Amino acid sequence: MQVLSSDALSRFGYALSDPTRAKILLILRDGPGYPSELADRIGVSRQILSNHLACLRGCGLVTVSPEGRRSRYELTDRRIAHALTDLVDLVLDVDPACCPDSNEQGCC
């Protein structure tokens, strides 16, 4: 199912709103990965990683390819990697009154 650009942006924002999902996407921007390796790199259980990968698949951001007994995950579109790189490279002028801690939820 294809989605409108505003819906795609919402899905992308939702995926990035969770630190674990953001880490997964940042790792996958460099190339495909396997769940066990991703879980080890991020420092989460395989079950937690599996839940996040399911979310990212549901948002249309990653795809899975079976390889024998393993599954390889990668970004569905290389433009996602470019978008992530552009976002990481942004320099923001943050208002501390609005967003006192970037790790807190509820930032303006």
# chains A, B, ... in the order shown; residues from 1 in each chain; ligands from 1
>>> closest_atom_pairs(of="stretch 27-50 of chain A", to="stretch 56-77 of chain A", cutoff="10 Å", atoms="only C-alpha atoms", output="tab-separated table")
residue	atom	partner	partner_atom	distance
A:Ile27	CA	A:Glu74	CA	9.5
A:Leu28	CA	A:Glu74	CA	5.8
A:Arg29	CA	A:Leu75	CA	6.9
A:Asp30	CA	A:Glu74	CA	9.3
A:Gly31	CA	A:Glu74	CA	6.5
A:Pro32	CA	A:Glu74	CA	4.4
A:Gly33	CA	A:Tyr73	CA	5.3
A:Tyr34	CA	A:Arg72	CA	5.0
A:Pro35	CA	A:Ser71	CA	7.3
A:Ser36	CA	A:Arg70	CA	9.3
A:Leu38	CA	A:Tyr73	CA	9.7
A:Ser50	CA	A:Leu56	CA	9.8
>>> write_last_selection(atoms="N, CA, C and O atoms", output="JSON list (two decimals), in the first residue's frame")
[["chain", "number", "residue", "atom", "x", "y", "z"],
["A", 27, "ILE", "N", 21.69, 2.42, 12.10],
["A", 27, "ILE", "CA", 22.58, 1.31, 11.77],
["A", 27, "ILE", "C", 22.28, 0.80, 10.36],
["A", 27, "ILE", "O", 23.20, 0.57, 9.56],
["A", 28, "LEU", "N", 21.01, 0.66, 10.04],
["A", 28, "LEU", "CA", 20.63, 0.14, 8.73],
["A", 28, "LEU", "C", 20.92, 1.11, 7.59],
["A", 28, "LEU", "O", 20.97, 0.71, 6.43],
["A", 29, "ARG", "N", 21.12, 2.37, 7.90],
["A", 29, "ARG", "CA", 21.45, 3.31, 6.82],
["A", 29, "ARG", "C", 22.80, 2.97, 6.20],
["A", 29, "ARG", "O", 23.07, 3.29, 5.05],
["A", 30, "ASP", "N", 23.65, 2.27, 6.97],
["A", 30, "ASP", "CA", 24.97, 1.85, 6.46],
["A", 30, "ASP", "C", 24.91, 0.53, 5.70],
["A", 30, "ASP", "O", 25.89, 0.13, 5.09],
["A", 31, "GLY", "N", 23.78, -0.16, 5.75],
["A", 31, "GLY", "CA", 23.63, -1.42, 5.04],
["A", 31, "GLY", "C", 22.76, -2.39, 5.82],
["A", 31, "GLY", "O", 22.37, -2.12, 6.95],
["A", 32, "PRO", "N", 22.46, -3.53, 5.21],
["A", 32, "PRO", "CA", 21.58, -4.52, 5.84],
["A", 32, "PRO", "C", 22.14, -5.03, 7.16],
["A", 32, "PRO", "O", 23.34, -4.95, 7.41],
["A", 33, "GLY", "N", 21.23, -5.56, 7.99],
["A", 33, "GLY", "CA", 21.63, -6.11, 9.28],
["A", 33, "GLY", "C", 20.76, -7.30, 9.66],
["A", 33, "GLY", "O", 19.68, -7.50, 9.09],
["A", 34, "TYR", "N", 21.25, -8.06, 10.61],
["A", 34, "TYR", "CA", 20.57, -9.25, 11.10],
["A", 34, "TYR", "C", 20.13, -9.00, 12.54],
["A", 34, "TYR", "O", 20.86, -8.37, 13.31],
["A", 35, "PRO", "N", 18.95, -9.49, 12.92],
["A", 35, "PRO", "CA", 18.41, -9.19, 14.25],
["A", 35, "PRO", "C", 19.37, -9.45, 15.41],
["A", 35, "PRO", "O", 19.50, -8.61, 16.30],
["A", 36, "SER", "N", 20.05, -10.58, 15.42],
["A", 36, "SER", "CA", 20.94, -10.88, 16.55],
["A", 36, "SER", "C", 22.07, -9.87, 16.63],
["A", 36, "SER", "O", 22.43, -9.42, 17.73],
["A", 38, "LEU", "N", 21.99, -6.76, 15.40],
["A", 38, "LEU", "CA", 21.40, -5.47, 15.76],
["A", 38, "LEU", "C", 21.14, -5.40, 17.25],
["A", 38, "LEU", "O", 21.44, -4.39, 17.90],
["A", 50, "SER", "N", 12.85, -7.38, 18.04],
["A", 50, "SER", "CA", 11.85, -7.93, 17.13],
["A", 50, "SER", "C", 10.60, -7.06, 17.09],
["A", 50, "SER", "O", 10.03, -6.80, 16.02]]
>>> residues_around(residues="A:Leu16", least_positions_apart="2", cutoff="12 Å", atoms="only C-alpha atoms", output="ChimeraX atom specification")
/A:9-14,18-26,52,55-56,59,61,80,83-84,87-88
>>> select_by_dssp(residues="chain A", states="helix (DSSP H, G or I)", output="PyMOL selection string")
chain A and resi 5-16+19-28+35-42+46-58+78-88
>>> atom_distance(atom1="atom CA of A:Ala54", atom2="atom CA of A:Arg79")
20.4 Å
>>> select_by_dssp(residues="stretch 43-103 of chain A", states="strand (DSSP E or B)", output="PyMOL selection string")
chain A and resi 62-67+70-75
>>> atom_distance(atom1="atom CA of A:Ser17", atom2="atom CA of A:Cys99")
14.5 Å
>>> closest_residue(among="A:Ala8, A:Leu90, A:Ala81, A:Ala39", to="A:Asn51", atoms="only C-alpha atoms")
A:Ala39
>>> decode(residues="stretch 56-105 of chain A", atoms="N, CA and C atoms", output="PDB file, in the first residue's frame")
ATOM      1  N   LEU A  56       8.830  -0.980  12.506  1.00  0.00           N
ATOM      2  CA  LEU A  56       9.478  -0.342  11.358  1.00  0.00           C
ATOM      3  C   LEU A  56       8.994  -0.947  10.045  1.00  0.00           C
ATOM      4  N   ARG A  57       8.741  -2.251  10.035  1.00  0.00           N
ATOM      5  CA  ARG A  57       8.168  -2.895   8.839  1.00  0.00           C
ATOM      6  C   ARG A  57       6.766  -2.353   8.592  1.00  0.00           C
ATOM      7  N   GLY A  58       5.976  -2.258   9.667  1.00  0.00           N
ATOM      8  CA  GLY A  58       4.618  -1.748   9.546  1.00  0.00           C
ATOM      9  C   GLY A  58       4.565  -0.314   9.049  1.00  0.00           C
ATOM     10  N   CYS A  59       5.567   0.468   9.417  1.00  0.00           N
ATOM     11  CA  CYS A  59       5.643   1.866   8.954  1.00  0.00           C
ATOM     12  C   CYS A  59       6.169   1.953   7.519  1.00  0.00           C
ATOM     13  N   GLY A  60       6.621   0.825   6.976  1.00  0.00           N
ATOM     14  CA  GLY A  60       7.125   0.817   5.600  1.00  0.00           C
ATOM     15  C   GLY A  60       8.557   1.287   5.459  1.00  0.00           C
ATOM     16  N   LEU A  61       9.307   1.326   6.560  1.00  0.00           N
ATOM     17  CA  LEU A  61      10.670   1.847   6.511  1.00  0.00           C
ATOM     18  C   LEU A  61      11.732   0.771   6.323  1.00  0.00           C
ATOM     19  N   VAL A  62      11.441  -0.456   6.749  1.00  0.00           N
ATOM     20  CA  VAL A  62      12.397  -1.549   6.559  1.00  0.00           C
ATOM     21  C   VAL A  62      11.692  -2.731   5.913  1.00  0.00           C
ATOM     22  N   THR A  63      12.484  -3.544   5.280  1.00  0.00           N
ATOM     23  CA  THR A  63      11.999  -4.758   4.658  1.00  0.00           C
ATOM     24  C   THR A  63      12.844  -5.919   5.144  1.00  0.00           C
ATOM     25  N   VAL A  64      12.284  -7.107   5.098  1.00  0.00           N
ATOM     26  CA  VAL A  64      12.996  -8.296   5.570  1.00  0.00           C
ATOM     27  C   VAL A  64      13.114  -9.286   4.418  1.00  0.00           C
ATOM     28  N   SER A  65      14.290  -9.912   4.333  1.00  0.00           N
ATOM     29  CA  SER A  65      14.544 -10.947   3.335  1.00  0.00           C
ATOM     30  C   SER A  65      15.052 -12.184   4.044  1.00  0.00           C
ATOM     31  N   PRO A  66      14.347 -13.311   3.906  1.00  0.00           N
ATOM     32  CA  PRO A  66      14.834 -14.545   4.520  1.00  0.00           C
ATOM     33  C   PRO A  66      16.103 -15.026   3.828  1.00  0.00           C
ATOM     34  N   GLU A  67      17.043 -15.468   4.636  1.00  0.00           N
ATOM     35  CA  GLU A  67      18.296 -16.047   4.121  1.00  0.00           C
ATOM     36  C   GLU A  67      18.543 -17.337   4.897  1.00  0.00           C
ATOM     37  N   GLY A  68      17.968 -18.409   4.422  1.00  0.00           N
ATOM     38  CA  GLY A  68      18.079 -19.664   5.154  1.00  0.00           C
ATOM     39  C   GLY A  68      17.355 -19.564   6.479  1.00  0.00           C
ATOM     40  N   ARG A  69      18.100 -19.782   7.566  1.00  0.00           N
ATOM     41  CA  ARG A  69      17.508 -19.697   8.902  1.00  0.00           C
ATOM     42  C   ARG A  69      17.577 -18.290   9.475  1.00  0.00           C
ATOM     43  N   ARG A  70      18.156 -17.374   8.749  1.00  0.00           N
ATOM     44  CA  ARG A  70      18.291 -15.991   9.213  1.00  0.00           C
ATOM     45  C   ARG A  70      17.399 -15.067   8.396  1.00  0.00           C
ATOM     46  N   SER A  71      17.208 -13.876   8.914  1.00  0.00           N
ATOM     47  CA  SER A  71      16.472 -12.828   8.207  1.00  0.00           C
ATOM     48  C   SER A  71      17.345 -11.589   8.146  1.00  0.00           C
ATOM     49  N   ARG A  72      17.403 -10.997   6.964  1.00  0.00           N
ATOM     50  CA  ARG A  72      18.193  -9.780   6.769  1.00  0.00           C
ATOM     51  C   ARG A  72      17.239  -8.601   6.635  1.00  0.00           C
ATOM     52  N   TYR A  73      17.506  -7.554   7.409  1.00  0.00           N
ATOM     53  CA  TYR A  73      16.692  -6.345   7.377  1.00  0.00           C
ATOM     54  C   TYR A  73      17.468  -5.238   6.689  1.00  0.00           C
ATOM     55  N   GLU A  74      16.743  -4.434   5.923  1.00  0.00           N
ATOM     56  CA  GLU A  74      17.353  -3.274   5.288  1.00  0.00           C
ATOM     57  C   GLU A  74      16.293  -2.205   5.076  1.00  0.00           C
ATOM     58  N   LEU A  75      16.748  -1.006   4.824  1.00  0.00           N
ATOM     59  CA  LEU A  75      15.831   0.099   4.549  1.00  0.00           C
ATOM     60  C   LEU A  75      15.093  -0.181   3.249  1.00  0.00           C
ATOM     61  N   THR A  76      13.828   0.172   3.189  1.00  0.00           N
ATOM     62  CA  THR A  76      13.034  -0.104   1.991  1.00  0.00           C
ATOM     63  C   THR A  76      13.445   0.764   0.814  1.00  0.00           C
ATOM     64  N   ASP A  77      14.051   1.891   1.094  1.00  0.00           N
ATOM     65  CA  ASP A  77      14.427   2.831   0.041  1.00  0.00           C
ATOM     66  C   ASP A  77      15.704   3.538   0.476  1.00  0.00           C
ATOM     67  N   ARG A  78      16.685   3.623  -0.391  1.00  0.00           N
ATOM     68  CA  ARG A  78      17.959   4.271  -0.037  1.00  0.00           C
ATOM     69  C   ARG A  78      17.776   5.754   0.286  1.00  0.00           C
ATOM     70  N   ARG A  79      16.681   6.346  -0.166  1.00  0.00           N
ATOM     71  CA  ARG A  79      16.431   7.759   0.168  1.00  0.00           C
ATOM     72  C   ARG A  79      16.216   7.940   1.663  1.00  0.00           C
ATOM     73  N   ILE A  80      15.785   6.870   2.340  1.00  0.00           N
ATOM     74  CA  ILE A  80      15.642   6.945   3.795  1.00  0.00           C
ATOM     75  C   ILE A  80      17.002   7.165   4.429  1.00  0.00           C
ATOM     76  N   ALA A  81      18.025   6.497   3.916  1.00  0.00           N
ATOM     77  CA  ALA A  81      19.398   6.680   4.432  1.00  0.00           C
ATOM     78  C   ALA A  81      19.838   8.125   4.242  1.00  0.00           C
ATOM     79  N   HIS A  82      19.548   8.682   3.078  1.00  0.00           N
ATOM     80  CA  HIS A  82      19.920  10.081   2.819  1.00  0.00           C
ATOM     81  C   HIS A  82      19.167  11.022   3.756  1.00  0.00           C
ATOM     82  N   ALA A  83      17.888  10.756   3.978  1.00  0.00           N
ATOM     83  CA  ALA A  83      17.089  11.594   4.882  1.00  0.00           C
ATOM     84  C   ALA A  83      17.632  11.516   6.303  1.00  0.00           C
ATOM     85  N   LEU A  84      17.994  10.318   6.751  1.00  0.00           N
ATOM     86  CA  LEU A  84      18.563  10.167   8.097  1.00  0.00           C
ATOM     87  C   LEU A  84      19.866  10.935   8.227  1.00  0.00           C
ATOM     88  N   THR A  85      20.706  10.849   7.210  1.00  0.00           N
ATOM     89  CA  THR A  85      21.980  11.575   7.239  1.00  0.00           C
ATOM     90  C   THR A  85      21.730  13.078   7.294  1.00  0.00           C
ATOM     91  N   ASP A  86      20.788  13.552   6.504  1.00  0.00           N
ATOM     92  CA  ASP A  86      20.455  14.981   6.539  1.00  0.00           C
ATOM     93  C   ASP A  86      19.956  15.389   7.919  1.00  0.00           C
ATOM     94  N   LEU A  87      19.119  14.573   8.543  1.00  0.00           N
ATOM     95  CA  LEU A  87      18.600  14.903   9.874  1.00  0.00           C
ATOM     96  C   LEU A  87      19.705  14.894  10.928  1.00  0.00           C
ATOM     97  N   VAL A  88      20.592  13.921  10.859  1.00  0.00           N
ATOM     98  CA  VAL A  88      21.688  13.835  11.826  1.00  0.00           C
ATOM     99  C   VAL A  88      22.615  15.040  11.696  1.00  0.00           C
ATOM    100  N   ASP A  89      22.780  15.539  10.484  1.00  0.00           N
ATOM    101  CA  ASP A  89      23.689  16.660  10.235  1.00  0.00           C
ATOM    102  C   ASP A  89      23.083  18.023  10.565  1.00  0.00           C
ATOM    103  N   LEU A  90      21.798  18.061  10.895  1.00  0.00           N
ATOM    104  CA  LEU A  90      21.161  19.339  11.227  1.00  0.00           C
ATOM    105  C   LEU A  90      21.759  19.961  12.482  1.00  0.00           C
ATOM    106  N   VAL A  91      21.855  21.263  12.481  1.00  0.00           N
ATOM    107  CA  VAL A  91      22.232  22.016  13.670  1.00  0.00           C
ATOM    108  C   VAL A  91      20.996  22.805  14.078  1.00  0.00           C
ATOM    109  N   LEU A  92      20.505  22.526  15.281  1.00  0.00           N
ATOM    110  CA  LEU A  92      19.267  23.149  15.739  1.00  0.00           C
ATOM    111  C   LEU A  92      19.552  24.236  16.774  1.00  0.00           C
ATOM    112  N   ASP A  93      18.783  25.284  16.730  1.00  0.00           N
ATOM    113  CA  ASP A  93      18.845  26.339  17.728  1.00  0.00           C
ATOM    114  C   ASP A  93      17.688  26.090  18.693  1.00  0.00           C
ATOM    115  N   VAL A  94      17.954  25.300  19.739  1.00  0.00           N
ATOM    116  CA  VAL A  94      16.918  24.826  20.657  1.00  0.00           C
ATOM    117  C   VAL A  94      16.642  25.850  21.741  1.00  0.00           C
ATOM    118  N   ASP A  95      15.356  26.061  22.038  1.00  0.00           N
ATOM    119  CA  ASP A  95      14.936  26.917  23.137  1.00  0.00           C
ATOM    120  C   ASP A  95      14.846  26.041  24.388  1.00  0.00           C
ATOM    121  N   PRO A  96      15.772  26.194  25.367  1.00  0.00           N
ATOM    122  CA  PRO A  96      15.759  25.339  26.559  1.00  0.00           C
ATOM    123  C   PRO A  96      14.466  25.423  27.362  1.00  0.00           C
ATOM    124  N   ALA A  97      13.743  26.522  27.245  1.00  0.00           N
ATOM    125  CA  ALA A  97      12.470  26.639  27.960  1.00  0.00           C
ATOM    126  C   ALA A  97      11.420  25.701  27.363  1.00  0.00           C
ATOM    127  N   CYS A  98      11.574  25.420  26.091  1.00  0.00           N
ATOM    128  CA  CYS A  98      10.621  24.552  25.407  1.00  0.00           C
ATOM    129  C   CYS A  98      11.063  23.093  25.468  1.00  0.00           C
ATOM    130  N   CYS A  99      12.341  22.855  25.262  1.00  0.00           N
ATOM    131  CA  CYS A  99      12.889  21.497  25.207  1.00  0.00           C
ATOM    132  C   CYS A  99      14.098  21.409  26.135  1.00  0.00           C
ATOM    133  N   PRO A 100      13.865  21.326  27.460  1.00  0.00           N
ATOM    134  CA  PRO A 100      14.988  21.344  28.398  1.00  0.00           C
ATOM    135  C   PRO A 100      15.925  20.156  28.275  1.00  0.00           C
ATOM    136  N   ASP A 101      15.410  18.997  27.862  1.00  0.00           N
ATOM    137  CA  ASP A 101      16.238  17.803  27.737  1.00  0.00           C
ATOM    138  C   ASP A 101      15.775  17.050  26.517  1.00  0.00           C
ATOM    139  N   SER A 102      16.667  16.810  25.574  1.00  0.00           N
ATOM    140  CA  SER A 102      16.264  16.145  24.340  1.00  0.00           C
ATOM    141  C   SER A 102      15.779  14.730  24.571  1.00  0.00           C
ATOM    142  N   ASN A 103      16.033  14.154  25.748  1.00  0.00           N
ATOM    143  CA  ASN A 103      15.575  12.802  26.037  1.00  0.00           C
ATOM    144  C   ASN A 103      14.188  12.772  26.654  1.00  0.00           C
ATOM    145  N   GLU A 104      13.640  13.929  26.994  1.00  0.00           N
ATOM    146  CA  GLU A 104      12.308  13.976  27.578  1.00  0.00           C
ATOM    147  C   GLU A 104      11.248  13.935  26.507  1.00  0.00           C
ATOM    148  N   GLN A 105      10.139  13.284  26.820  1.00  0.00           N
ATOM    149  CA  GLN A 105       8.995  13.277  25.898  1.00  0.00           C
ATOM    150  C   GLN A 105       8.222  14.575  26.091  1.00  0.00           C
TER     151      GLN A 105
END
